[in-house]
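Student: I have a structure here, written as structure tokens, and I will follow up with some questions on it.
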Amino acid sequence: MAKFLTEHDPPVIGVRAADAEMNAAIARARDTLPTFWASYDAPKPTESGHCLKVRFAGDGYVEHIWMADVEKLPDGNYSGRFANEPNDLPGKNIGDQTEFEQADISDWMFMRNEKIVGGETLKLLLKSMPKEDADAMRARMEQPPH
């Protein structure tokens with residue numbers, strides 16, 4: 001399984017569903033999804049670790065979580081494995097495989113030359129992280145936010 005998060009990465013950060021900045025970041029990510037699929041379908045030798053952030057909603061909760069080992073399914077949907085430990089998905093654990101729809105994709109990323117490409121929601125969350133963690137994450141991004 002592709003592993004891009006380590007014990008040095010920041011913890012899960014709660015965001016209100018009505019957060020306008022987060023909704024704008026999700027919109028930017030969805031608008032640029034063709035960049036992800038182009039690399040996914042024909043990755044260059046320097047590109048790997050293709051992951052999608054996916055929205056899961058249940059009774060009274062919404063969780064956006066990174067999915068690794070993404071696959072396109074014949075029915076037009078997708079499958080992947082949880083790349084993080086879910087907080088609000090009872091019975092689901094890191095590494096478990098699940099299916100999802102394109103409408104639930106909220107972000108994307110992959111590694112190119114050891115740098116993170118994409119990650120619009122990650123860029124936004126940098127300001128909620130401790131400075132040391134944010135600086136470390138910024139250093140890993142191909143185009144860090146200002």
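Ordering of the structure tokens sets the chain letters (A, B, ...); residue numbers start at 1 within each chain; ligands are numbered from 1 in the order shown.
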Using only C-alpha atoms, which residues of range 57-134 of chain A come within 9 Å of range 41-49 of chain A, and what is the closest atom pair for each, with the distance in Å to one decimal? Give it as a tab-separated table, sorted by chain and residue number.

Tutor:
residue	atom	partner	partner_atom	distance
A:Ala68	CA	A:Gly49	CA	7.4
A:Asp69	CA	A:Gly49	CA	8.1
A:Met109	CA	A:Gly49	CA	7.9
A:Phe110	CA	A:Gly49	CA	5.1
A:Met111	CA	A:Ser48	CA	5.3
A:Arg112	CA	A:Glu47	CA	4.4
A:Asn113	CA	A:Thr46	CA	5.3
A:Glu114	CA	A:Thr46	CA	7.9

Student: Can those selected residues be exported to a file as a short mmCIF file (atom, residue, chain, number, x, y, z; two decimals), in the first residue's frame so that it contains N, CA and C atoms?

Tutor:
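Now in again-v4.cif:
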data_model
loop_
_atom_site.label_atom_id
_atom_site.label_comp_id
_atom_site.auth_asym_id
_atom_site.auth_seq_id
_atom_site.Cartn_x
_atom_site.Cartn_y
_atom_site.Cartn_z
N ALA A 68 -5.46 5.30 -0.51
CA ALA A 68 -4.32 4.86 -1.31
C ALA A 68 -4.74 3.67 -2.17
N ASP A 69 -3.86 3.21 -3.03
CA ASP A 69 -4.14 2.06 -3.90
C ASP A 69 -5.45 2.25 -4.66
N MET A 109 -3.61 13.94 -4.50
CA MET A 109 -2.19 14.24 -4.42
C MET A 109 -1.41 13.05 -4.95
N PHE A 110 -0.19 13.33 -5.35
CA PHE A 110 0.77 12.28 -5.66
C PHE A 110 2.15 12.87 -5.44
N MET A 111 3.14 12.02 -5.45
CA MET A 111 4.51 12.46 -5.24
C MET A 111 5.19 12.57 -6.60
N ARG A 112 5.94 13.67 -6.81
CA ARG A 112 6.76 13.84 -8.01
C ARG A 112 8.11 14.35 -7.52
N ASN A 113 9.15 13.60 -7.84
CA ASN A 113 10.50 13.96 -7.38
C ASN A 113 10.51 14.18 -5.86
N GLU A 114 9.82 13.28 -5.14
CA GLU A 114 9.78 13.31 -3.67
C GLU A 114 9.03 14.51 -3.09
#

Student: Using only C-alpha atoms, which residues sit within 12 Å of Thr32 in chain A once same-chain residues fewer than 3 positions away are excluded, as a list in words?

Tutor: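 Near Thr32 in chain A, the qualifying residues are Ala25, Ile26, Ala27, Arg28, Ala29, Thr35, Phe36, Trp37, Ala38, Ser39, Ile105, Ser106, Asp107, Trp108, Met109, Val117, Gly118, Gly119 and Glu120 of chain A.
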
Student: Using the selection just defined, write its residues with N, CA and C atoms as an mmCIF file, in the first residue's frame.

Tutor:
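Dumped everything to out_3.cif:
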data_model
loop_
_atom_site.group_PDB
_atom_site.id
_atom_site.type_symbol
_atom_site.label_atom_id
_atom_site.label_comp_id
_atom_site.auth_asym_id
_atom_site.auth_seq_id
_atom_site.Cartn_x
_atom_site.Cartn_y
_atom_site.Cartn_z
ATOM 1 N N ALA A 25 -11.168 25.208 -1.269
ATOM 2 C CA ALA A 25 -10.033 24.307 -1.521
ATOM 3 C C ALA A 25 -10.509 23.019 -2.179
ATOM 4 N N ILE A 26 -11.635 22.497 -1.709
ATOM 5 C CA ILE A 26 -12.201 21.282 -2.312
ATOM 6 C C ILE A 26 -12.594 21.557 -3.759
ATOM 7 N N ALA A 27 -13.184 22.716 -4.016
ATOM 8 C CA ALA A 27 -13.563 23.077 -5.391
ATOM 9 C C ALA A 27 -12.329 23.166 -6.291
ATOM 10 N N ARG A 28 -11.237 23.774 -5.780
ATOM 11 C CA ARG A 28 -9.990 23.855 -6.566
ATOM 12 C C ARG A 28 -9.457 22.452 -6.854
ATOM 13 N N ALA A 29 -9.496 21.585 -5.853
ATOM 14 C CA ALA A 29 -9.005 20.216 -6.039
ATOM 15 C C ALA A 29 -9.841 19.488 -7.090
ATOM 16 N N THR A 35 -5.539 16.662 -13.722
ATOM 17 C CA THR A 35 -4.082 16.561 -13.539
ATOM 18 C C THR A 35 -3.737 15.257 -12.825
ATOM 19 N N PHE A 36 -4.523 14.915 -11.812
ATOM 20 C CA PHE A 36 -4.314 13.666 -11.075
ATOM 21 C C PHE A 36 -4.498 12.469 -12.007
ATOM 22 N N TRP A 37 -5.628 12.441 -12.726
ATOM 23 C CA TRP A 37 -5.925 11.281 -13.566
ATOM 24 C C TRP A 37 -4.914 11.126 -14.704
ATOM 25 N N ALA A 38 -4.401 12.227 -15.235
ATOM 26 C CA ALA A 38 -3.390 12.135 -16.289
ATOM 27 C C ALA A 38 -2.137 11.444 -15.766
ATOM 28 N N SER A 39 -1.706 11.808 -14.555
ATOM 29 C CA SER A 39 -0.533 11.174 -13.961
ATOM 30 C C SER A 39 -0.841 9.734 -13.545
ATOM 31 N N ILE A 105 -15.034 12.639 -4.066
ATOM 32 C CA ILE A 105 -13.613 12.995 -4.041
ATOM 33 C C ILE A 105 -13.487 14.468 -3.654
ATOM 34 N N SER A 106 -12.678 14.740 -2.609
ATOM 35 C CA SER A 106 -12.529 16.119 -2.142
ATOM 36 C C SER A 106 -11.109 16.655 -2.311
ATOM 37 N N ASP A 107 -10.147 15.811 -2.652
ATOM 38 C CA ASP A 107 -8.794 16.282 -2.896
ATOM 39 C C ASP A 107 -8.003 15.150 -3.540
ATOM 40 N N TRP A 108 -6.821 15.482 -4.012
ATOM 41 C CA TRP A 108 -5.935 14.496 -4.631
ATOM 42 C C TRP A 108 -4.499 14.911 -4.391
ATOM 43 N N MET A 109 -3.614 13.937 -4.496
ATOM 44 C CA MET A 109 -2.188 14.239 -4.422
ATOM 45 C C MET A 109 -1.407 13.049 -4.951
ATOM 46 N N VAL A 117 2.425 16.844 -4.963
ATOM 47 C CA VAL A 117 1.723 17.591 -6.000
ATOM 48 C C VAL A 117 0.237 17.525 -5.632
ATOM 49 N N GLY A 118 -0.470 18.639 -5.763
ATOM 50 C CA GLY A 118 -1.888 18.672 -5.396
ATOM 51 C C GLY A 118 -2.031 19.037 -3.926
ATOM 52 N N GLY A 119 -2.970 18.389 -3.251
ATOM 53 C CA GLY A 119 -3.134 18.612 -1.824
ATOM 54 C C GLY A 119 -3.691 19.978 -1.464
ATOM 55 N N GLU A 120 -4.710 20.435 -2.190
ATOM 56 C CA GLU A 120 -5.289 21.756 -1.914
ATOM 57 C C GLU A 120 -5.786 21.873 -0.479
#

Student: How many Å lie between CA of Gly80 in chain A and CA of Glu63 in chain A, rounded to one decimal?

Tutor: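 The value is 15.5 Å.
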
Student: Just want the 10 Å neighbourhood of Gln143 in chain A, counted on only C-alpha atoms, with same-chain residues fewer than 3 positions away dropped. Output as a PyMOL selection string.

Tutor: chain A and resi 115-119+123+138-140+146

Student: Could you write out that same residue set with C-alpha atoms as a PDB file, in the first residue's frame?

Tutor:
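Listing of part_18.pdb after writing:
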ATOM      1  CA  LYS A 115       7.489  16.377  -3.468  1.00  0.00           C
ATOM      2  CA  ILE A 116       3.709  16.513  -2.928  1.00  0.00           C
ATOM      3  CA  VAL A 117       1.723  17.591  -6.000  1.00  0.00           C
ATOM      4  CA  GLY A 118      -1.888  18.672  -5.396  1.00  0.00           C
ATOM      5  CA  GLY A 119      -3.134  18.612  -1.824  1.00  0.00           C
ATOM      6  CA  LYS A 123      -2.268  23.609   1.933  1.00  0.00           C
ATOM      7  CA  ARG A 138       5.490  22.999   3.314  1.00  0.00           C
ATOM      8  CA  ALA A 139       9.029  21.742   2.607  1.00  0.00           C
ATOM      9  CA  ARG A 140       7.539  18.527   1.171  1.00  0.00           C
ATOM     10  CA  HIS A 146       2.689  31.541   0.497  1.00  0.00           C
TER      11      HIS A 146
END

Student: Please determine, counting only C-alpha atoms, which residue among A:Gly58, A:Ala20, A:Met129, A:Asn77 has the shortest atom-to-atom distance to Ala103 in chain A.

Tutor: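 Of all the options, A:Asn77 lies closest to Ala103 in chain A.
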
Student: What is the CA of Gly95 in chain A-CA of Ala57 in chain A distance in Å, reported with one decimal?

Tutor: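 According to the coordinates, CA of Gly95 in chain A and CA of Ala57 in chain A are separated by 19.0 Å.
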
Student: Show me, as a list in words, the residues that have an atom within 10 Å of Glu71 in chain A when counting only C-alpha atoms, minus same-chain residues fewer than 4 positions from it.

Tutor: Tyr40, Asn77, Tyr78, Ser79, Gly80, Arg81 and Glu99 of chain A

Student: Out of A:Glu132, A:Asp104, A:Asp96, A:Pro90, which residue has the shortest atom-to-atom distance to Val54 in chain A when counting only C-alpha atoms?

Tutor: A:Asp104

Student: Can you work out the spacing between CA of Arg30 in chain A and CA of Gly76 in chain A in Å, to one decimal?

Tutor: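 Separating CA of Arg30 in chain A from CA of Gly76 in chain A is a distance of 16.7 Å.
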
Student: Report the residues of range 50-135 of chain A whose backbone DSSP state falls under strand (DSSP E), written as a PyMOL selection string.

Tutor: chain A and resi 50-58+61-72+78-82+97-100+105-112+115-118

Student: Got a sec: who's within 9 Å of Glu85 in chain A, counting only C-alpha atoms, leaving out chain neighbours fewer than 2 positions off, as a PDB file with N, CA and C atoms, in the first residue's frame?

Tutor:
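File written: result38.pdb
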ATOM      1  N   ILE A  65     -11.093  11.485   4.213  1.00  0.00           N
ATOM      2  CA  ILE A  65      -9.927  10.665   4.543  1.00  0.00           C
ATOM      3  C   ILE A  65      -9.183  10.274   3.272  1.00  0.00           C
ATOM      4  N   PHE A  82      -7.906   2.761   2.973  1.00  0.00           N
ATOM      5  CA  PHE A  82      -7.726   3.875   3.903  1.00  0.00           C
ATOM      6  C   PHE A  82      -6.241   4.062   4.195  1.00  0.00           C
ATOM      7  N   ALA A  83      -5.726   5.265   3.906  1.00  0.00           N
ATOM      8  CA  ALA A  83      -4.315   5.576   4.148  1.00  0.00           C
ATOM      9  C   ALA A  83      -4.100   6.157   5.542  1.00  0.00           C
ATOM     10  N   ASN A  87     -11.502   8.157  11.951  1.00  0.00           N
ATOM     11  CA  ASN A  87     -11.955   8.546  13.279  1.00  0.00           C
ATOM     12  C   ASN A  87     -13.415   8.224  13.505  1.00  0.00           C
ATOM     13  N   LYS A  92     -14.152   0.444  10.355  1.00  0.00           N
ATOM     14  CA  LYS A  92     -13.194   0.677   9.269  1.00  0.00           C
ATOM     15  C   LYS A  92     -11.837   1.025   9.866  1.00  0.00           C
ATOM     16  N   ASN A  93     -10.787   0.482   9.279  1.00  0.00           N
ATOM     17  CA  ASN A  93      -9.434   0.695   9.782  1.00  0.00           C
ATOM     18  C   ASN A  93      -8.477   1.021   8.648  1.00  0.00           C
ATOM     19  N   ILE A  94      -7.331   1.584   9.005  1.00  0.00           N
ATOM     20  CA  ILE A  94      -6.296   1.861   8.020  1.00  0.00           C
ATOM     21  C   ILE A  94      -6.007   0.571   7.253  1.00  0.00           C
ATOM     22  N   GLY A  95      -5.890   0.673   5.943  1.00  0.00           N
ATOM     23  CA  GLY A  95      -5.612  -0.493   5.111  1.00  0.00           C
ATOM     24  C   GLY A  95      -6.854  -1.188   4.576  1.00  0.00           C
TER      25      GLY A  95
END

Student: Report the residues of range 34-86 of chain A whose backbone DSSP state falls under helix (DSSP H, G or I), written as an MDAnalysis selection string.

Tutor: chainID A and resid 34:41

Student: Convert the current residue selection to file output with C-alpha atoms, as a PDB file, in the first residue's frame.

Tutor:
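Full text of out.pdb as output:
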ATOM      1  CA  PRO A  34      -7.722  15.888 -14.553  1.00  0.00           C
ATOM      2  CA  THR A  35      -4.082  16.561 -13.539  1.00  0.00           C
ATOM      3  CA  PHE A  36      -4.314  13.666 -11.075  1.00  0.00           C
ATOM      4  CA  TRP A  37      -5.925  11.281 -13.566  1.00  0.00           C
ATOM      5  CA  ALA A  38      -3.390  12.135 -16.289  1.00  0.00           C
ATOM      6  CA  SER A  39      -0.533  11.174 -13.961  1.00  0.00           C
ATOM      7  CA  TYR A  40      -2.454   8.172 -12.599  1.00  0.00           C
ATOM      8  CA  ASP A  41      -3.101   6.800 -16.097  1.00  0.00           C
TER       9      ASP A  41
END
